[in-house]
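*Asks:* The following file, query35.pdb, comprises PDB, C-alpha atoms, pLDDT in the B column:
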MODEL        1
ATOM      1  CA  MET C   1     -31.942  52.317  41.274  1.00 51.00           C
ATOM      2  CA  SER C   2     -33.281  53.240  44.675  1.00 47.00           C
ATOM      3  CA  GLU C   3     -31.900  55.900  46.992  1.00 51.00           C
ATOM      4  CA  ALA C   4     -30.429  53.815  49.805  1.00 83.00           C
ATOM      5  CA  VAL C   5     -27.692  53.705  52.412  1.00 93.00           C
ATOM      6  CA  LEU C   6     -25.190  55.554  50.218  1.00 97.00           C
ATOM      7  CA  GLY C   7     -27.602  58.162  48.897  1.00 96.00           C
ATOM      8  CA  GLY C   8     -25.838  61.495  48.372  1.00 95.00           C
ATOM      9  CA  LYS C   9     -22.373  59.921  48.405  1.00 97.00           C
ATOM     10  CA  VAL C  10     -19.841  60.094  45.570  1.00 98.00           C
ATOM     11  CA  ALA C  11     -17.543  57.124  44.975  1.00 98.00           C
ATOM     12  CA  LEU C  12     -14.440  56.778  42.799  1.00 98.00           C
ATOM     13  CA  VAL C  13     -13.569  53.242  41.649  1.00 98.00           C
ATOM     14  CA  THR C  14     -10.357  52.534  39.733  1.00 98.00           C
ATOM     15  CA  GLY C  15     -10.196  49.663  37.276  1.00 97.00           C
ATOM     16  CA  ALA C  16     -13.983  49.882  36.995  1.00 97.00           C
ATOM     17  CA  GLY C  17     -14.316  48.686  33.414  1.00 96.00           C
ATOM     18  CA  GLN C  18     -14.522  44.972  34.169  1.00 95.00           C
ATOM     19  CA  GLY C  19     -14.341  42.267  36.815  1.00 94.00           C
ATOM     20  CA  VAL C  20     -14.255  43.180  40.488  1.00 96.00           C
ATOM     21  CA  GLY C  21     -14.079  46.924  39.792  1.00 97.00           C
ATOM     22  CA  ARG C  22     -17.215  46.765  37.675  1.00 97.00           C
ATOM     23  CA  GLY C  23     -18.988  44.674  40.320  1.00 97.00           C
ATOM     24  CA  ILE C  24     -18.102  47.130  43.067  1.00 98.00           C
ATOM     25  CA  ALA C  25     -19.191  50.098  40.944  1.00 98.00           C
ATOM     26  CA  LEU C  26     -22.568  48.519  40.148  1.00 98.00           C
ATOM     27  CA  ALA C  27     -23.189  47.671  43.794  1.00 98.00           C
ATOM     28  CA  LEU C  28     -22.241  51.148  45.012  1.00 98.00           C
ATOM     29  CA  ALA C  29     -24.593  52.680  42.449  1.00 98.00           C
ATOM     30  CA  LYS C  30     -27.436  50.380  43.531  1.00 97.00           C
ATOM     31  CA  ALA C  31     -26.787  51.465  47.125  1.00 98.00           C
ATOM     32  CA  GLY C  32     -27.425  55.068  46.045  1.00 97.00           C
ATOM     33  CA  ALA C  33     -23.957  56.478  45.373  1.00 98.00           C
ATOM     34  CA  ALA C  34     -22.980  58.490  42.319  1.00 98.00           C
ATOM     35  CA  VAL C  35     -20.016  56.614  40.874  1.00 98.00           C
ATOM     36  CA  ALA C  36     -16.928  57.836  39.040  1.00 98.00           C
ATOM     37  CA  LEU C  37     -15.584  54.976  36.921  1.00 98.00           C
ATOM     38  CA  ALA C  38     -11.872  55.170  36.137  1.00 98.00           C
ATOM     39  CA  GLY C  39      -9.940  52.952  33.740  1.00 97.00           C
ATOM     40  CA  ARG C  40      -7.266  52.910  31.070  1.00 95.00           C
ATOM     41  CA  THR C  41      -9.750  51.966  28.342  1.00 96.00           C
ATOM     42  CA  ARG C  42     -12.433  54.623  27.992  1.00 96.00           C
ATOM     43  CA  SER C  43     -14.844  52.383  26.098  1.00 97.00           C
ATOM     44  CA  LYS C  44     -14.969  49.874  28.965  1.00 97.00           C
ATOM     45  CA  VAL C  45     -15.779  52.411  31.676  1.00 98.00           C
ATOM     46  CA  GLU C  46     -18.259  54.146  29.384  1.00 98.00           C
ATOM     47  CA  THR C  47     -20.083  50.832  28.937  1.00 98.00           C
ATOM     48  CA  VAL C  48     -20.354  50.361  32.717  1.00 98.00           C
ATOM     49  CA  ALA C  49     -21.448  53.978  33.145  1.00 98.00           C
ATOM     50  CA  GLN C  50     -24.214  53.345  30.623  1.00 98.00           C
ATOM     51  CA  GLU C  51     -25.308  50.237  32.538  1.00 97.00           C
ATOM     52  CA  ILE C  52     -25.644  52.298  35.691  1.00 98.00           C
ATOM     53  CA  SER C  53     -27.454  55.126  33.907  1.00 97.00           C
ATOM     54  CA  ASP C  54     -29.861  52.713  32.222  1.00 97.00           C
ATOM     55  CA  ALA C  55     -30.740  51.324  35.660  1.00 96.00           C
ATOM     56  CA  GLY C  56     -31.517  54.807  36.978  1.00 96.00           C
ATOM     57  CA  GLY C  57     -28.219  55.566  38.709  1.00 97.00           C
ATOM     58  CA  ARG C  58     -25.640  58.268  38.151  1.00 97.00           C
ATOM     59  CA  ALA C  59     -22.178  57.514  36.798  1.00 98.00           C
ATOM     60  CA  GLU C  60     -19.374  59.305  34.982  1.00 98.00           C
ATOM     61  CA  ALA C  61     -16.561  57.619  33.026  1.00 98.00           C
ATOM     62  CA  PHE C  62     -12.953  58.811  33.263  1.00 98.00           C
ATOM     63  CA  GLU C  63      -9.936  57.606  31.330  1.00 97.00           C
ATOM     64  CA  SER C  64      -6.966  57.424  33.681  1.00 97.00           C
ATOM     65  CA  ASP C  65      -3.612  55.677  34.096  1.00 97.00           C
ATOM     66  CA  VAL C  66      -2.946  54.744  37.724  1.00 97.00           C
ATOM     67  CA  LYS C  67       0.791  54.477  36.989  1.00 97.00           C
ATOM     68  CA  ASN C  68       0.948  58.175  36.155  1.00 97.00           C
ATOM     69  CA  ALA C  69       0.866  60.672  39.053  1.00 98.00           C
ATOM     70  CA  ALA C  70      -0.345  63.566  36.906  1.00 98.00           C
ATOM     71  CA  SER C  71      -3.156  61.415  35.517  1.00 98.00           C
ATOM     72  CA  LEU C  72      -4.311  60.587  39.042  1.00 98.00           C
ATOM     73  CA  ALA C  73      -4.344  64.242  40.085  1.00 98.00           C
ATOM     74  CA  ALA C  74      -6.340  65.152  36.976  1.00 98.00           C
ATOM     75  CA  LEU C  75      -8.723  62.269  37.667  1.00 98.00           C
ATOM     76  CA  VAL C  76      -9.624  63.502  41.149  1.00 98.00           C
ATOM     77  CA  ASP C  77     -10.009  67.074  39.917  1.00 98.00           C
ATOM     78  CA  GLY C  78     -12.328  65.814  37.189  1.00 98.00           C
ATOM     79  CA  VAL C  79     -14.424  63.723  39.580  1.00 98.00           C
ATOM     80  CA  VAL C  80     -14.954  66.610  41.986  1.00 98.00           C
ATOM     81  CA  ALA C  81     -15.725  69.005  39.119  1.00 98.00           C
ATOM     82  CA  LYS C  82     -18.284  66.620  37.582  1.00 97.00           C
ATOM     83  CA  LEU C  83     -19.883  65.134  40.702  1.00 98.00           C
ATOM     84  CA  GLY C  84     -19.354  67.898  43.256  1.00 96.00           C
ATOM     85  CA  SER C  85     -17.552  66.005  46.029  1.00 96.00           C
ATOM     86  CA  LEU C  86     -15.810  62.751  46.908  1.00 98.00           C
ATOM     87  CA  ASP C  87     -16.782  60.463  49.806  1.00 98.00           C
ATOM     88  CA  ILE C  88     -15.511  56.997  48.860  1.00 98.00           C
ATOM     89  CA  LEU C  89     -12.300  55.854  47.172  1.00 98.00           C
ATOM     90  CA  VAL C  90     -11.894  52.250  45.953  1.00 98.00           C
ATOM     91  CA  ASN C  91      -8.343  51.387  44.906  1.00 98.00           C
ATOM     92  CA  ASN C  92      -8.967  48.365  42.702  1.00 97.00           C
ATOM     93  CA  ALA C  93      -6.777  48.776  39.592  1.00 96.00           C
ATOM     94  CA  GLN C  94      -3.618  46.674  39.678  1.00 91.00           C
ATOM     95  CA  GLU C  95      -1.151  45.061  37.292  1.00 92.00           C
ATOM     96  CA  VAL C  96      -0.458  41.603  38.735  1.00 88.00           C
ATOM     97  CA  PRO C  97       3.076  40.094  38.726  1.00 91.00           C
ATOM     98  CA  LEU C  98       2.313  36.354  38.822  1.00 87.00           C
ATOM     99  CA  GLY C  99       4.560  33.316  38.553  1.00 90.00           C
ATOM    100  CA  PRO C 100       7.489  31.678  40.319  1.00 92.00           C
ATOM    101  CA  LEU C 101      10.091  34.126  41.588  1.00 95.00           C
ATOM    102  CA  LEU C 102      12.640  33.059  38.983  1.00 97.00           C
ATOM    103  CA  SER C 103      10.184  33.864  36.167  1.00 95.00           C
ATOM    104  CA  VAL C 104       9.055  37.310  37.400  1.00 95.00           C
ATOM    105  CA  ASP C 105      11.338  39.973  35.961  1.00 96.00           C
ATOM    106  CA  ASP C 106      12.130  43.334  37.517  1.00 97.00           C
ATOM    107  CA  ALA C 107       9.857  45.206  35.111  1.00 97.00           C
ATOM    108  CA  ALA C 108       6.785  43.159  36.044  1.00 96.00           C
ATOM    109  CA  PHE C 109       7.528  43.419  39.763  1.00 96.00           C
ATOM    110  CA  GLU C 110       8.060  47.171  39.497  1.00 97.00           C
ATOM    111  CA  ALA C 111       4.857  47.595  37.476  1.00 97.00           C
ATOM    112  CA  GLY C 112       2.990  45.757  40.219  1.00 96.00           C
ATOM    113  CA  PHE C 113       4.245  48.193  42.838  1.00 96.00           C
ATOM    114  CA  VAL C 114       3.668  51.299  40.721  1.00 97.00           C
ATOM    115  CA  SER C 115       0.116  50.296  39.734  1.00 97.00           C
ATOM    116  CA  GLY C 116      -0.731  48.904  43.183  1.00 96.00           C
ATOM    117  CA  PRO C 117       0.604  50.369  46.440  1.00 97.00           C
ATOM    118  CA  LEU C 118       2.209  53.444  44.883  1.00 98.00           C
ATOM    119  CA  ALA C 119      -0.947  54.322  42.954  1.00 98.00           C
ATOM    120  CA  SER C 120      -3.057  53.701  46.066  1.00 98.00           C
ATOM    121  CA  PHE C 121      -0.657  55.822  48.147  1.00 98.00           C
ATOM    122  CA  ARG C 122      -0.881  58.671  45.669  1.00 98.00           C
ATOM    123  CA  LEU C 123      -4.661  58.535  45.313  1.00 98.00           C
ATOM    124  CA  MET C 124      -5.210  58.284  49.061  1.00 98.00           C
ATOM    125  CA  LYS C 125      -3.184  61.473  49.593  1.00 98.00           C
ATOM    126  CA  ILE C 126      -4.810  63.322  46.697  1.00 98.00           C
ATOM    127  CA  CYS C 127      -8.284  62.364  47.931  1.00 98.00           C
ATOM    128  CA  HIS C 128      -7.575  63.043  51.603  1.00 98.00           C
ATOM    129  CA  PRO C 129      -8.748  66.685  51.695  1.00 98.00           C
ATOM    130  CA  HIS C 130     -11.992  65.782  49.941  1.00 97.00           C
ATOM    131  CA  LEU C 131     -12.668  62.782  52.191  1.00 98.00           C
ATOM    132  CA  LYS C 132     -11.828  64.848  55.274  1.00 97.00           C
ATOM    133  CA  ARG C 133     -14.192  67.595  54.184  1.00 93.00           C
ATOM    134  CA  THR C 134     -17.150  65.215  54.208  1.00 83.00           C
ATOM    135  CA  GLY C 135     -16.286  63.944  57.704  1.00 88.00           C
ATOM    136  CA  GLU C 136     -17.420  60.433  56.675  1.00 94.00           C
ATOM    137  CA  GLY C 137     -14.819  59.449  54.109  1.00 98.00           C
ATOM    138  CA  VAL C 138     -14.096  55.806  53.312  1.00 98.00           C
ATOM    139  CA  ILE C 139     -11.149  54.228  51.491  1.00 98.00           C
ATOM    140  CA  ILE C 140     -11.291  50.615  50.334  1.00 98.00           C
ATOM    141  CA  ASN C 141      -8.001  49.062  49.208  1.00 98.00           C
ATOM    142  CA  LEU C 142      -7.909  45.675  47.510  1.00 97.00           C
ATOM    143  CA  ALA C 143      -5.484  42.965  48.600  1.00 94.00           C
ATOM    144  CA  THR C 144      -5.404  39.190  48.218  1.00 89.00           C
ATOM    145  CA  SER C 145      -5.782  36.119  50.393  1.00 84.00           C
ATOM    146  CA  ALA C 146      -2.933  34.591  48.376  1.00 79.00           C
ATOM    147  CA  ALA C 147      -0.680  36.520  50.761  1.00 80.00           C
ATOM    148  CA  VAL C 148      -1.548  34.122  53.587  1.00 81.00           C
ATOM    149  CA  ARG C 149      -1.518  30.850  51.651  1.00 76.00           C
ATOM    150  CA  TRP C 150       0.549  28.082  53.234  1.00 74.00           C
ATOM    151  CA  ASP C 151       1.882  27.359  49.737  1.00 78.00           C
ATOM    152  CA  MET C 152       3.190  30.641  48.334  1.00 81.00           C
ATOM    153  CA  ALA C 153       4.672  29.107  45.181  1.00 85.00           C
ATOM    154  CA  GLY C 154       3.798  31.307  42.227  1.00 86.00           C
ATOM    155  CA  TYR C 155       2.341  34.082  44.372  1.00 85.00           C
ATOM    156  CA  GLY C 156       5.392  35.664  46.010  1.00 92.00           C
ATOM    157  CA  ALA C 157       5.734  38.830  43.919  1.00 94.00           C
ATOM    158  CA  TYR C 158       1.970  39.340  43.717  1.00 92.00           C
ATOM    159  CA  SER C 159       1.535  38.910  47.460  1.00 92.00           C
ATOM    160  CA  ALA C 160       4.450  41.212  48.273  1.00 94.00           C
ATOM    161  CA  VAL C 161       2.780  43.975  46.283  1.00 95.00           C
ATOM    162  CA  LYS C 162      -0.592  43.430  47.941  1.00 94.00           C
ATOM    163  CA  GLN C 163       0.868  43.217  51.462  1.00 94.00           C
ATOM    164  CA  ALA C 164       2.383  46.666  50.943  1.00 96.00           C
ATOM    165  CA  THR C 165      -1.111  47.967  50.270  1.00 96.00           C
ATOM    166  CA  ARG C 166      -2.379  46.404  53.522  1.00 96.00           C
ATOM    167  CA  SER C 167       0.321  48.304  55.412  1.00 97.00           C
ATOM    168  CA  LEU C 168      -0.860  51.565  53.866  1.00 98.00           C
ATOM    169  CA  THR C 169      -4.395  50.760  55.021  1.00 98.00           C
ATOM    170  CA  ARG C 170      -3.296  50.269  58.628  1.00 98.00           C
ATOM    171  CA  ALA C 171      -1.238  53.460  58.663  1.00 98.00           C
ATOM    172  CA  ALA C 172      -3.915  55.620  57.051  1.00 98.00           C
ATOM    173  CA  ALA C 173      -6.590  54.244  59.383  1.00 98.00           C
ATOM    174  CA  ALA C 174      -4.480  55.246  62.382  1.00 98.00           C
ATOM    175  CA  GLU C 175      -3.411  58.629  61.055  1.00 98.00           C
ATOM    176  CA  TRP C 176      -6.658  59.727  59.415  1.00 98.00           C
ATOM    177  CA  GLY C 177      -9.223  58.399  61.874  1.00 98.00           C
ATOM    178  CA  PRO C 178      -9.326  61.796  63.615  1.00 97.00           C
ATOM    179  CA  ASP C 179     -10.201  63.296  60.215  1.00 97.00           C
ATOM    180  CA  GLY C 180     -13.317  61.140  60.015  1.00 97.00           C
ATOM    181  CA  ILE C 181     -11.816  58.839  57.373  1.00 98.00           C
ATOM    182  CA  ARG C 182     -12.138  55.056  57.639  1.00 98.00           C
ATOM    183  CA  VAL C 183      -9.701  52.886  55.698  1.00 98.00           C
ATOM    184  CA  LEU C 184     -10.233  49.177  55.023  1.00 98.00           C
ATOM    185  CA  THR C 185      -8.721  46.389  52.964  1.00 98.00           C
ATOM    186  CA  VAL C 186     -10.796  43.691  51.278  1.00 97.00           C
ATOM    187  CA  ALA C 187      -9.248  40.475  49.998  1.00 94.00           C
ATOM    188  CA  PRO C 188     -11.586  38.881  47.456  1.00 92.00           C
ATOM    189  CA  HIS C 189     -11.838  35.726  45.419  1.00 87.00           C
ATOM    190  CA  ALA C 190     -14.041  36.689  42.494  1.00 88.00           C
ATOM    191  CA  ASP C 191     -15.047  35.439  39.058  1.00 85.00           C
ATOM    192  CA  SER C 192     -13.075  38.069  37.185  1.00 80.00           C
ATOM    193  CA  PRO C 193     -12.221  37.621  33.484  1.00 78.00           C
ATOM    194  CA  GLY C 194      -8.692  36.549  34.419  1.00 72.00           C
ATOM    195  CA  LEU C 195      -9.881  33.896  36.845  1.00 74.00           C
ATOM    196  CA  LYS C 196     -12.480  32.600  34.411  1.00 77.00           C
ATOM    197  CA  ALA C 197      -9.779  32.170  31.781  1.00 74.00           C
ATOM    198  CA  TRP C 198      -7.639  30.243  34.272  1.00 68.00           C
ATOM    199  CA  ILE C 199     -10.574  27.968  35.167  1.00 81.00           C
ATOM    200  CA  GLU C 200     -11.210  27.224  31.493  1.00 82.00           C
ATOM    201  CA  ALA C 201      -7.538  26.565  30.821  1.00 76.00           C
ATOM    202  CA  ARG C 202      -6.931  24.413  33.919  1.00 75.00           C
ATOM    203  CA  PRO C 203     -10.248  22.862  34.979  1.00 84.00           C
ATOM    204  CA  GLU C 204      -8.747  20.100  37.123  1.00 85.00           C
ATOM    205  CA  GLU C 205      -6.477  22.512  39.002  1.00 77.00           C
ATOM    206  CA  ALA C 206      -9.406  24.892  39.416  1.00 79.00           C
ATOM    207  CA  GLU C 207     -11.621  22.155  40.867  1.00 84.00           C
ATOM    208  CA  ALA C 208      -8.901  21.257  43.365  1.00 84.00           C
ATOM    209  CA  PHE C 209      -8.644  24.927  44.287  1.00 80.00           C
ATOM    210  CA  PHE C 210     -12.398  25.160  44.890  1.00 83.00           C
ATOM    211  CA  GLN C 211     -12.113  22.303  47.377  1.00 87.00           C
ATOM    212  CA  THR C 212      -9.853  24.481  49.537  1.00 85.00           C
ATOM    213  CA  ILE C 213     -12.649  27.076  49.863  1.00 89.00           C
ATOM    214  CA  PRO C 214     -15.124  26.196  52.644  1.00 91.00           C
ATOM    215  CA  LEU C 215     -18.057  27.560  50.612  1.00 91.00           C
ATOM    216  CA  ARG C 216     -16.804  25.601  47.561  1.00 87.00           C
ATOM    217  CA  ARG C 217     -17.222  28.414  45.066  1.00 86.00           C
ATOM    218  CA  ILE C 218     -15.686  31.646  43.808  1.00 87.00           C
ATOM    219  CA  GLY C 219     -17.351  34.918  44.737  1.00 90.00           C
ATOM    220  CA  ARG C 220     -19.478  36.849  42.273  1.00 94.00           C
ATOM    221  CA  CYS C 221     -18.087  40.274  41.426  1.00 95.00           C
ATOM    222  CA  GLU C 222     -21.210  42.292  42.149  1.00 96.00           C
ATOM    223  CA  GLU C 223     -23.346  40.143  44.443  1.00 96.00           C
ATOM    224  CA  ASP C 224     -20.602  38.885  46.775  1.00 96.00           C
ATOM    225  CA  ILE C 225     -17.784  41.404  46.504  1.00 97.00           C
ATOM    226  CA  GLY C 226     -19.530  44.610  45.420  1.00 98.00           C
ATOM    227  CA  ARG C 227     -22.395  44.378  47.891  1.00 97.00           C
ATOM    228  CA  ALA C 228     -19.973  43.663  50.735  1.00 98.00           C
ATOM    229  CA  VAL C 229     -17.948  46.746  49.809  1.00 98.00           C
ATOM    230  CA  ALA C 230     -21.121  48.855  49.659  1.00 98.00           C
ATOM    231  CA  ALA C 231     -22.056  47.628  53.134  1.00 97.00           C
ATOM    232  CA  LEU C 232     -18.578  48.425  54.474  1.00 98.00           C
ATOM    233  CA  CYS C 233     -18.939  51.981  53.141  1.00 98.00           C
ATOM    234  CA  GLY C 234     -22.300  52.471  54.853  1.00 97.00           C
ATOM    235  CA  PRO C 235     -23.158  53.908  58.273  1.00 95.00           C
ATOM    236  CA  ASP C 236     -23.770  50.500  59.869  1.00 96.00           C
ATOM    237  CA  MET C 237     -20.024  49.834  59.578  1.00 97.00           C
ATOM    238  CA  GLY C 238     -19.054  53.278  60.847  1.00 96.00           C
ATOM    239  CA  TYR C 239     -16.878  51.949  63.688  1.00 97.00           C
ATOM    240  CA  LEU C 240     -14.817  49.581  61.527  1.00 98.00           C
ATOM    241  CA  THR C 241     -11.441  50.760  60.254  1.00 98.00           C
ATOM    242  CA  GLY C 242      -7.912  49.449  59.714  1.00 98.00           C
ATOM    243  CA  ALA C 243      -9.084  45.870  59.144  1.00 96.00           C
ATOM    244  CA  THR C 244      -8.581  43.388  56.328  1.00 95.00           C
ATOM    245  CA  VAL C 245     -11.922  41.819  55.419  1.00 95.00           C
ATOM    246  CA  PRO C 246     -11.516  38.464  53.611  1.00 93.00           C
ATOM    247  CA  LEU C 247     -14.200  38.010  50.950  1.00 94.00           C
ATOM    248  CA  ASP C 248     -12.987  34.582  49.936  1.00 90.00           C
ATOM    249  CA  GLY C 249     -15.518  32.038  51.114  1.00 91.00           C
ATOM    250  CA  GLY C 250     -13.565  31.343  54.311  1.00 87.00           C
ATOM    251  CA  GLN C 251     -10.303  30.194  52.721  1.00 83.00           C
ATOM    252  CA  ALA C 252      -7.828  32.651  54.211  1.00 81.00           C
ATOM    253  CA  ASN C 253      -6.663  33.302  57.756  1.00 74.00           C
ATOM    254  CA  PHE C 254      -5.597  36.898  58.288  1.00 74.00           C
ATOM    255  CA  ASP C 255      -5.211  36.537  62.074  1.00 67.00           C
TER
ENDMDL
END
Render the structure in this file as structure tokens.
*Replies:*
Amino acid sequence: MSEAVLGGKVALVTGAGQGVGRGIALALAKAGAAVALAGRTRSKVETVAQEISDAGGRAEAFESDVKNAASLAALVDGVVAKLGSLDILVNNAQEVPLGPLLSVDDAAFEAGFVSGPLASFRLMKICHPHLKRTGEGVIINLATSAAVRWDMAGYGAYSAVKQATRSLTRAAAAEWGPDGIRVLTVAPHADSPGLKAWIEARPEEAEAFFQTIPLRRIGRCEEDIGRAVAALCGPDMGYLTGATVPLDGGQANFD
């Protein structure tokens, strides 16, 4: 891996053991960052860390539960102890409450909030002093373009959780800009394991869905989503903050 636009930076990615989190972690590493990979399953993040190491990058694996405040505090302490600093935070991990409103129970909805906006809120605050210290801190929060679908059937609880995260992005961008911290939301469509399973189970529905995407395909986790995130974290995007960036092939309208 070559030293590039993120050389010397340290990034923390939650939910980095598979899917979009893995893609973002690989892309950040290829852009030169040292990457802390956090996930509930140690073996998964260790596998991704080995991928990065084998390619010449630097990565450390951390087992962490985003629904547990003490675990998040210990995670950040561990990252700074192992890698020396923290410049980039990617809040990717999320339990997703999907289905019609009548089928989503309180426990699933609550788990979505605790693992999503509450975990992001906690991590953003824990990481703030480290990001402020660098003077060029970046936070990337993940949302969804499902929140702006004309047909919200089946996505109400999921979108409510993700829209809360977008609000945190806007507030933190306004409040922490003077601290040299940029905060952005990305809303991806990506070929994650969950989406691939849905495509295999419902090929006709999936094909109809693809036709609603102007580019007629789902994004690739590393090449389309990860590389975009790496670019957003770099100096060329240093005047962009508070925005939601749709990485969905042109499907959504966040205006």
*Asks:* My list of candidates is C:Val48, C:Lys67, C:Ala59, C:Arg122. Which is closest to Gly32 of chain C when distances are computed with all atoms listed in the file?
*Replies:* C:Ala59
*Asks:* Going by the chain IDs and residue numbers used in this file, which residues fall under the PyMOL selection byres ((chain C and resi 180) around 9)? Write them as a short mmCIF file (atom, residue, chain, number, x, y, z; two decimals) with C-alpha atoms, in the frame of the given file.
*Replies:*
data_model
loop_
_atom_site.label_atom_id
_atom_site.label_comp_id
_atom_site.auth_asym_id
_atom_site.auth_seq_id
_atom_site.Cartn_x
_atom_site.Cartn_y
_atom_site.Cartn_z
CA LEU C 131 -12.67 62.78 52.19
CA LYS C 132 -11.83 64.85 55.27
CA ARG C 133 -14.19 67.60 54.18
CA THR C 134 -17.15 65.22 54.21
CA GLY C 135 -16.29 63.94 57.70
CA GLU C 136 -17.42 60.43 56.68
CA GLY C 137 -14.82 59.45 54.11
CA VAL C 138 -14.10 55.81 53.31
CA TRP C 176 -6.66 59.73 59.42
CA GLY C 177 -9.22 58.40 61.87
CA PRO C 178 -9.33 61.80 63.62
CA ASP C 179 -10.20 63.30 60.22
CA ILE C 181 -11.82 58.84 57.37
CA ARG C 182 -12.14 55.06 57.64
#
*Asks:* Given 4 Å of margin on each side, can you work out the centre and size in Å (one decimal) of an axis-aligned box holding every listed atom of segment 57-74 of chain C, as JSON?
*Replies:*
{"center_x": -13.6, "center_y": 59.8, "center_z": 35.7, "size_x": 37.2, "size_y": 18.7, "size_z": 16.8}
*Asks:* Excluding same-chain residues fewer than 4 positions from Gly226 of chain C, what lies within 9 Å of it counting all atoms listed in the file, as a list in words?
*Replies:*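 Once the adjacent positions are removed, what remains is Val20, Gly21, Arg22, Gly23, Ile24, Ala25, Leu26, Ala27, Leu28, Arg220, Cys221, Glu222, Ala230 and Ala231 of chain C.
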*Asks:* Could you tell me, as an NGL selection string, exactly which residues end up selected when the PyMOL selection byres ((chain C and resi 232) around 12) is applied to this structure?
*Replies:* :C and (5-6 or 24 or 27-28 or 31 or 88 or 90 or 137-141 or 182-186 or 225-231 or 233-245 or 247)
*Asks:* List the residues selected by the PyMOL selection byres ((chain C and resi 158) around 9) in the file shown, writing them as a compact mmCIF listing (two decimals) with C-alpha atoms, in the frame of the given file.
*Replies:*
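To be explicit, this is the file written out as selection26.txt:
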# COMPACT_ATOMS: atom_id res chain seq x y z
CA VAL C 96 -0.46 41.60 38.74
CA PRO C 97 3.08 40.09 38.73
CA LEU C 98 2.31 36.35 38.82
CA GLY C 99 4.56 33.32 38.55
CA PHE C 109 7.53 43.42 39.76
CA GLY C 112 2.99 45.76 40.22
CA THR C 144 -5.40 39.19 48.22
CA ALA C 146 -2.93 34.59 48.38
CA ALA C 147 -0.68 36.52 50.76
CA GLY C 154 3.80 31.31 42.23
CA TYR C 155 2.34 34.08 44.37
CA GLY C 156 5.39 35.66 46.01
CA ALA C 157 5.73 38.83 43.92
CA SER C 159 1.54 38.91 47.46
CA ALA C 160 4.45 41.21 48.27
CA VAL C 161 2.78 43.98 46.28
CA LYS C 162 -0.59 43.43 47.94
CA GLN C 163 0.87 43.22 51.46
*Asks:* My list of candidates is C:Thr47, C:Thr41, C:Ser85, C:Thr212. Which is closest to His130 of chain C when distances are computed with only C-alpha atoms?
*Replies:*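 For His130 of chain C, the nearest of the candidates is C:Ser85.
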*Asks:* Tell me which of C:Leu118, C:Cys127, C:Ala206, C:Leu101 sits closest to Ala11 of chain C, counting all atoms listed in the file.
*Replies:*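 Of the candidates, the smallest distance to Ala11 of chain C is held by C:Cys127.
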*Asks:* In terms of the shortest atom-to-atom distance over all atoms listed in the file, which of C:Ala93, C:Ala187, C:Val80, C:Ala201 is closest to Ile126 of chain C?
*Replies:*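 Among the listed residues, C:Val80 lies closest to Ile126 of chain C.
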*Asks:* I need the residue nearest Ala164 of chain C from this list: C:Ser115, C:Lys196, C:Glu204, C:Asp151. Use all atoms listed in the file for the distance.
*Replies:*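 For Ala164 of chain C, the nearest of the given residues is C:Ser115.
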*Asks:* In Å to one decimal, how far is atom CA of Asp54 of chain C from atom CA of Leu123 of chain C?
*Replies:* 29.0 Å
*Asks:* How many Å lie between atom CA of Ser53 of chain C and atom CA of Ala190 of chain C, rounded to one decimal?
*Replies:*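 Spanning atom CA of Ser53 of chain C to atom CA of Ala190 of chain C is a straight-line distance of 24.4 Å.
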*Asks:* Please indicate the distance in Å from atom CA of Thr169 of chain C to atom CA of Glu223 of chain C, rounded to one decimal place.
*Replies:*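 Going from atom CA of Thr169 of chain C over to atom CA of Glu223 of chain C covers 24.2 Å.
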*Asks:* Just want the 12 Å neighbourhood of Lys82 of chain C, counted on all atoms listed in the file, with same-chain residues fewer than 3 positions away dropped. Output as an mmCIF file with C-alpha atoms, in the coordinates of the input.
*Replies:*
data_model
loop_
_atom_site.group_PDB
_atom_site.id
_atom_site.type_symbol
_atom_site.label_atom_id
_atom_site.label_comp_id
_atom_site.auth_asym_id
_atom_site.auth_seq_id
_atom_site.Cartn_x
_atom_site.Cartn_y
_atom_site.Cartn_z
ATOM 1 C CA VAL C 10 -19.841 60.094 45.570
ATOM 2 C CA LEU C 12 -14.440 56.778 42.799
ATOM 3 C CA ALA C 34 -22.980 58.490 42.319
ATOM 4 C CA VAL C 35 -20.016 56.614 40.874
ATOM 5 C CA ALA C 36 -16.928 57.836 39.040
ATOM 6 C CA LEU C 37 -15.584 54.976 36.921
ATOM 7 C CA ARG C 58 -25.640 58.268 38.151
ATOM 8 C CA ALA C 59 -22.178 57.514 36.798
ATOM 9 C CA GLU C 60 -19.374 59.305 34.982
ATOM 10 C CA ALA C 61 -16.561 57.619 33.026
ATOM 11 C CA PHE C 62 -12.953 58.811 33.263
ATOM 12 C CA LEU C 75 -8.723 62.269 37.667
ATOM 13 C CA VAL C 76 -9.624 63.502 41.149
ATOM 14 C CA ASP C 77 -10.009 67.074 39.917
ATOM 15 C CA GLY C 78 -12.328 65.814 37.189
ATOM 16 C CA VAL C 79 -14.424 63.723 39.580
ATOM 17 C CA SER C 85 -17.552 66.005 46.029
ATOM 18 C CA LEU C 86 -15.810 62.751 46.908
#
*Asks:* Name the closest residue to Leu168 of chain C among the candidates C:Gln251, C:Ser192, C:Ser120, C:Gln18; distances are taken between atoms, counting all atoms listed in the file.
*Replies:*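 Closest candidate: C:Ser120.
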*Asks:* Show me the residues close to (-16.6, 25.4, 39.6) - anything with an atom within 8 Å, counting all atoms listed in the file - and format the list as a ChimeraX atom specification.
*Replies:* /C:199,206-207,210,216-218
